[in-house]
Amino acid sequence: MKLFAGIQDGKKQYLALVSLGDLTYDDDFLKKAKKIEGIKEIWPVVEIPVTIKIEDYTETATFLGIDLNAFGENPEQNDLGNTPVLLLGSKALQNMKDSNNHSISKKQQEKFLQMGENLTISYALAGNTKELSGAADHLVSLTGHEENEQQTVYLPCKVTAVTENEDIYIPLSQAQELCSEMGEPLKITKIYLKVNGKMNLEKAKKIFE
């Protein structure tokens, strides 16, 4: 599946992820936005700050929650479960570093990406740490860490497709669940646009940003 190709199927339809800035995504916003020339679809996007981990590599990243119908994907809500389903951008791993703070090589990135759905990847919500205390002596003794040290809690996620961009998308319903876990309100901070005509796209970007 290829996204953000610029022009799709020979039609002059352009795709863009745009920040809302100080604008609020509501009915009034949508009424005004739909009047902008060339706009065909507007999809709300939620940002979830995370750390992702593959083997010895970690990276600070953002899960972008969106209705996957925007990409022609429509997983059954009941089949999603609690494990985030990722549309992983082919450039999303370029800032990963190993435990020695060495940047990931292009060769290693390609190796991970080629694994696709078989890639073992996990995530931690920003600030999702637990305290190692005397109640977990076996953990402390195994790691050799001092008591009360903060340890990041990683959970599994699943790659369902690799896309041609640097973003990581997850279903909006799962983003909502993650917001609940963090105790944060679901806040729409970006929109994903489908616009006919490059000039119309540039005009729309200026209006929104």
# chains A, B, ... in the order shown; residues from 1 in each chain; ligands from 1
$ residues_around --residues "segment 91-106 of chain A" --least-positions-apart "4" --cutoff "7 Å" --atoms "only C-alpha atoms" --output "list in words"
Asp56, Tyr57, Thr58, Glu59, Glu110, Asn165, Glu166, Asp167 and Ile168 of chain A
$ residues_around --residues "Leu87 of chain A" --least-positions-apart "3" --cutoff "8 Å" --atoms "only C-alpha atoms" --output "list in words"
Val159, Thr160, Ala161, Val162, Thr163, Ile168, Tyr169 and Ile170 of chain A
$ closest_residue --among "A:Leu17, A:Asn82, A:Glu37, A:Lys31" --to "Met199 of chain A" --atoms "only C-alpha atoms"
A:Glu37
$ closest_residue --among "A:Leu201, A:Leu88, A:Ile207, A:Cys179" --to "Gly116 of chain A" --atoms "only C-alpha atoms"
A:Leu88
$ residues_around --residues "Leu23 of chain A" --least-positions-apart "6" --cutoff "12 Å" --atoms "only C-alpha atoms" --output "ChimeraX atom specification"
/A:29-30,32-33,187-191,207-209
$ write_last_selection --atoms "all heavy atoms" --output "short mmCIF file (atom, residue, chain, number, x, y, z; two decimals), in the first residue's frame"
data_model
loop_
_atom_site.label_atom_id
_atom_site.label_comp_id
_atom_site.auth_asym_id
_atom_site.auth_seq_id
_atom_site.Cartn_x
_atom_site.Cartn_y
_atom_site.Cartn_z
N PHE A 29 -15.79 24.74 12.16
CA PHE A 29 -14.56 24.60 11.38
C PHE A 29 -14.83 23.81 10.09
O PHE A 29 -14.38 24.18 9.01
CB PHE A 29 -13.51 23.87 12.23
CG PHE A 29 -12.30 23.41 11.45
CD1 PHE A 29 -11.24 24.27 11.21
CD2 PHE A 29 -12.23 22.12 10.94
CE1 PHE A 29 -10.13 23.84 10.48
CE2 PHE A 29 -11.13 21.69 10.23
CZ PHE A 29 -10.08 22.56 10.00
N LEU A 30 -15.58 22.71 10.22
CA LEU A 30 -15.84 21.85 9.06
C LEU A 30 -16.68 22.57 8.01
O LEU A 30 -16.44 22.42 6.80
CB LEU A 30 -16.55 20.57 9.50
CG LEU A 30 -15.67 19.54 10.22
CD1 LEU A 30 -16.50 18.38 10.73
CD2 LEU A 30 -14.57 19.03 9.29
N LYS A 32 -16.73 25.75 7.34
CA LYS A 32 -15.86 26.70 6.63
C LYS A 32 -14.86 25.97 5.74
O LYS A 32 -14.60 26.38 4.61
CB LYS A 32 -15.11 27.58 7.64
CG LYS A 32 -16.02 28.54 8.39
CD LYS A 32 -15.24 29.33 9.43
CE LYS A 32 -16.16 30.27 10.20
NZ LYS A 32 -15.44 30.99 11.28
N ALA A 33 -14.31 24.87 6.26
CA ALA A 33 -13.28 24.13 5.51
C ALA A 33 -13.83 23.54 4.23
O ALA A 33 -13.16 23.52 3.19
CB ALA A 33 -12.70 23.04 6.39
N LYS A 187 -7.70 15.02 21.88
CA LYS A 187 -7.59 16.35 21.28
C LYS A 187 -7.13 16.25 19.83
O LYS A 187 -6.08 15.68 19.54
CB LYS A 187 -6.60 17.20 22.08
CG LYS A 187 -6.56 18.65 21.61
CD LYS A 187 -5.61 19.48 22.46
CE LYS A 187 -5.58 20.94 21.98
NZ LYS A 187 -4.61 21.75 22.74
N ILE A 188 -7.94 16.78 18.93
CA ILE A 188 -7.61 16.76 17.50
C ILE A 188 -6.66 17.92 17.21
O ILE A 188 -7.01 19.09 17.36
CB ILE A 188 -8.89 16.86 16.65
CG1 ILE A 188 -9.75 15.62 16.88
CG2 ILE A 188 -8.55 17.00 15.17
CD1 ILE A 188 -11.18 15.77 16.47
N THR A 189 -5.43 17.60 16.81
CA THR A 189 -4.39 18.61 16.60
C THR A 189 -3.97 18.76 15.14
O THR A 189 -3.31 19.71 14.78
CB THR A 189 -3.14 18.27 17.44
OG1 THR A 189 -2.77 16.91 17.14
CG2 THR A 189 -3.43 18.40 18.93
N LYS A 190 -4.34 17.75 14.32
CA LYS A 190 -3.97 17.80 12.91
C LYS A 190 -5.16 17.32 12.07
O LYS A 190 -6.11 16.72 12.60
CB LYS A 190 -2.76 16.91 12.62
CG LYS A 190 -1.45 17.36 13.26
CD LYS A 190 -0.32 16.38 12.92
CE LYS A 190 0.99 16.78 13.57
NZ LYS A 190 1.60 17.97 12.99
N ILE A 191 -5.09 17.60 10.77
CA ILE A 191 -6.07 17.04 9.84
C ILE A 191 -5.33 16.45 8.65
O ILE A 191 -4.25 16.91 8.28
CB ILE A 191 -7.09 18.08 9.36
CG1 ILE A 191 -6.39 19.36 8.87
CG2 ILE A 191 -8.13 18.37 10.43
CD1 ILE A 191 -7.33 20.37 8.26
N ILE A 207 -4.34 28.47 4.94
CA ILE A 207 -5.53 28.79 5.74
C ILE A 207 -5.48 28.07 7.09
O ILE A 207 -5.76 28.66 8.13
CB ILE A 207 -6.81 28.40 4.97
CG1 ILE A 207 -7.00 29.35 3.78
CG2 ILE A 207 -8.04 28.47 5.88
CD1 ILE A 207 -8.08 28.93 2.82
N PHE A 208 -5.10 26.80 7.06
CA PHE A 208 -5.13 26.00 8.28
C PHE A 208 -3.94 26.28 9.20
O PHE A 208 -4.04 26.19 10.41
CB PHE A 208 -5.20 24.51 7.95
CG PHE A 208 -6.49 24.12 7.28
CD1 PHE A 208 -6.50 23.37 6.12
CD2 PHE A 208 -7.70 24.52 7.81
CE1 PHE A 208 -7.68 23.01 5.51
CE2 PHE A 208 -8.90 24.17 7.21
CZ PHE A 208 -8.90 23.42 6.05
N GLU A 209 -2.79 26.55 8.60
CA GLU A 209 -1.59 26.73 9.42
C GLU A 209 -1.33 28.20 9.72
O GLU A 209 -0.58 28.54 10.57
CB GLU A 209 -0.38 26.12 8.73
CG GLU A 209 -0.51 24.59 8.61
CD GLU A 209 0.72 23.94 7.99
OE1 GLU A 209 1.40 24.61 7.18
OE2 GLU A 209 1.02 22.78 8.33
#
$ atom_distance --atom1 "atom CA of Gln13 of chain A" --atom2 "atom CA of Lys198 of chain A"
7.9 Å
$ select_by_dssp --residues "chain A" --states "alpha helix (DSSP H)" --output "PyMOL selection string"
chain A and resi 27-33+77-80+106-115+137-143+172-182+198-208
$ residues_around --residues "Glu202 of chain A" --least-positions-apart "6" --cutoff "12 Å" --atoms "only C-alpha atoms" --output "mmCIF file with N, CA, C and O atoms, in the first residue's frame"
data_model
loop_
_atom_site.group_PDB
_atom_site.id
_atom_site.type_symbol
_atom_site.label_atom_id
_atom_site.label_comp_id
_atom_site.auth_asym_id
_atom_site.auth_seq_id
_atom_site.Cartn_x
_atom_site.Cartn_y
_atom_site.Cartn_z
ATOM 1 N N TYR A 14 -4.151 15.440 -4.208
ATOM 2 C CA TYR A 14 -2.979 15.558 -3.345
ATOM 3 C C TYR A 14 -3.365 15.265 -1.902
ATOM 4 O O TYR A 14 -4.475 15.578 -1.461
ATOM 5 N N LEU A 15 -2.426 14.658 -1.179
ATOM 6 C CA LEU A 15 -2.645 14.268 0.210
ATOM 7 C C LEU A 15 -1.702 15.044 1.109
ATOM 8 O O LEU A 15 -0.522 15.208 0.785
ATOM 9 N N ALA A 16 -2.188 15.498 2.247
ATOM 10 C CA ALA A 16 -1.315 16.253 3.146
ATOM 11 C C ALA A 16 -1.784 16.135 4.585
ATOM 12 O O ALA A 16 -2.987 16.129 4.865
ATOM 13 N N VAL A 18 -1.786 18.170 7.920
ATOM 14 C CA VAL A 18 -1.667 19.596 8.231
ATOM 15 C C VAL A 18 -1.973 19.845 9.705
ATOM 16 O O VAL A 18 -2.948 19.313 10.243
ATOM 17 N N ILE A 36 -13.697 25.529 1.028
ATOM 18 C CA ILE A 36 -12.412 25.800 0.365
ATOM 19 C C ILE A 36 -12.332 25.003 -0.927
ATOM 20 O O ILE A 36 -12.611 23.806 -0.955
ATOM 21 N N GLU A 37 -11.958 25.664 -1.977
ATOM 22 C CA GLU A 37 -11.927 25.054 -3.308
ATOM 23 C C GLU A 37 -11.013 23.827 -3.362
ATOM 24 O O GLU A 37 -9.889 23.845 -2.867
ATOM 25 N N GLY A 38 -11.507 22.763 -3.935
ATOM 26 C CA GLY A 38 -10.694 21.577 -4.186
ATOM 27 C C GLY A 38 -10.688 20.548 -3.075
ATOM 28 O O GLY A 38 -10.251 19.407 -3.284
ATOM 29 N N ILE A 39 -11.156 20.896 -1.878
ATOM 30 C CA ILE A 39 -11.114 19.943 -0.763
ATOM 31 C C ILE A 39 -12.167 18.845 -0.959
ATOM 32 O O ILE A 39 -13.340 19.117 -1.146
ATOM 33 N N LEU A 193 -5.722 15.830 4.760
ATOM 34 C CA LEU A 193 -6.503 16.399 3.662
ATOM 35 C C LEU A 193 -6.344 15.628 2.368
ATOM 36 O O LEU A 193 -5.258 15.141 2.042
ATOM 37 N N LYS A 194 -7.438 15.540 1.614
ATOM 38 C CA LYS A 194 -7.390 15.089 0.228
ATOM 39 C C LYS A 194 -7.927 16.250 -0.600
ATOM 40 O O LYS A 194 -9.085 16.661 -0.429
ATOM 41 N N VAL A 195 -7.066 16.789 -1.457
ATOM 42 C CA VAL A 195 -7.398 18.011 -2.193
ATOM 43 C C VAL A 195 -7.117 17.821 -3.679
ATOM 44 O O VAL A 195 -6.074 17.287 -4.051
ATOM 45 N N ASN A 196 -8.023 18.280 -4.518
ATOM 46 C CA ASN A 196 -7.807 18.260 -5.965
ATOM 47 C C ASN A 196 -7.057 19.527 -6.373
ATOM 48 O O ASN A 196 -7.533 20.637 -6.134
ATOM 49 N N PHE A 208 -5.097 26.797 7.056
ATOM 50 C CA PHE A 208 -5.129 25.998 8.281
ATOM 51 C C PHE A 208 -3.942 26.279 9.195
ATOM 52 O O PHE A 208 -4.044 26.194 10.405
ATOM 53 N N GLU A 209 -2.790 26.555 8.605
ATOM 54 C CA GLU A 209 -1.589 26.734 9.422
ATOM 55 C C GLU A 209 -1.333 28.199 9.723
ATOM 56 O O GLU A 209 -0.579 28.535 10.574
#
$ atom_distance --atom1 "atom CA of Leu86 of chain A" --atom2 "atom CA of Thr120 of chain A"
11.9 Å
$ select_by_dssp --residues "segment 31-200 of chain A" --states "strand (DSSP E or B)" --output "MDAnalysis selection string"
chainID A and resid 39:54 57:66 85:89 97 103 121:125 129:131 150:152 155:163 168:171 188:196
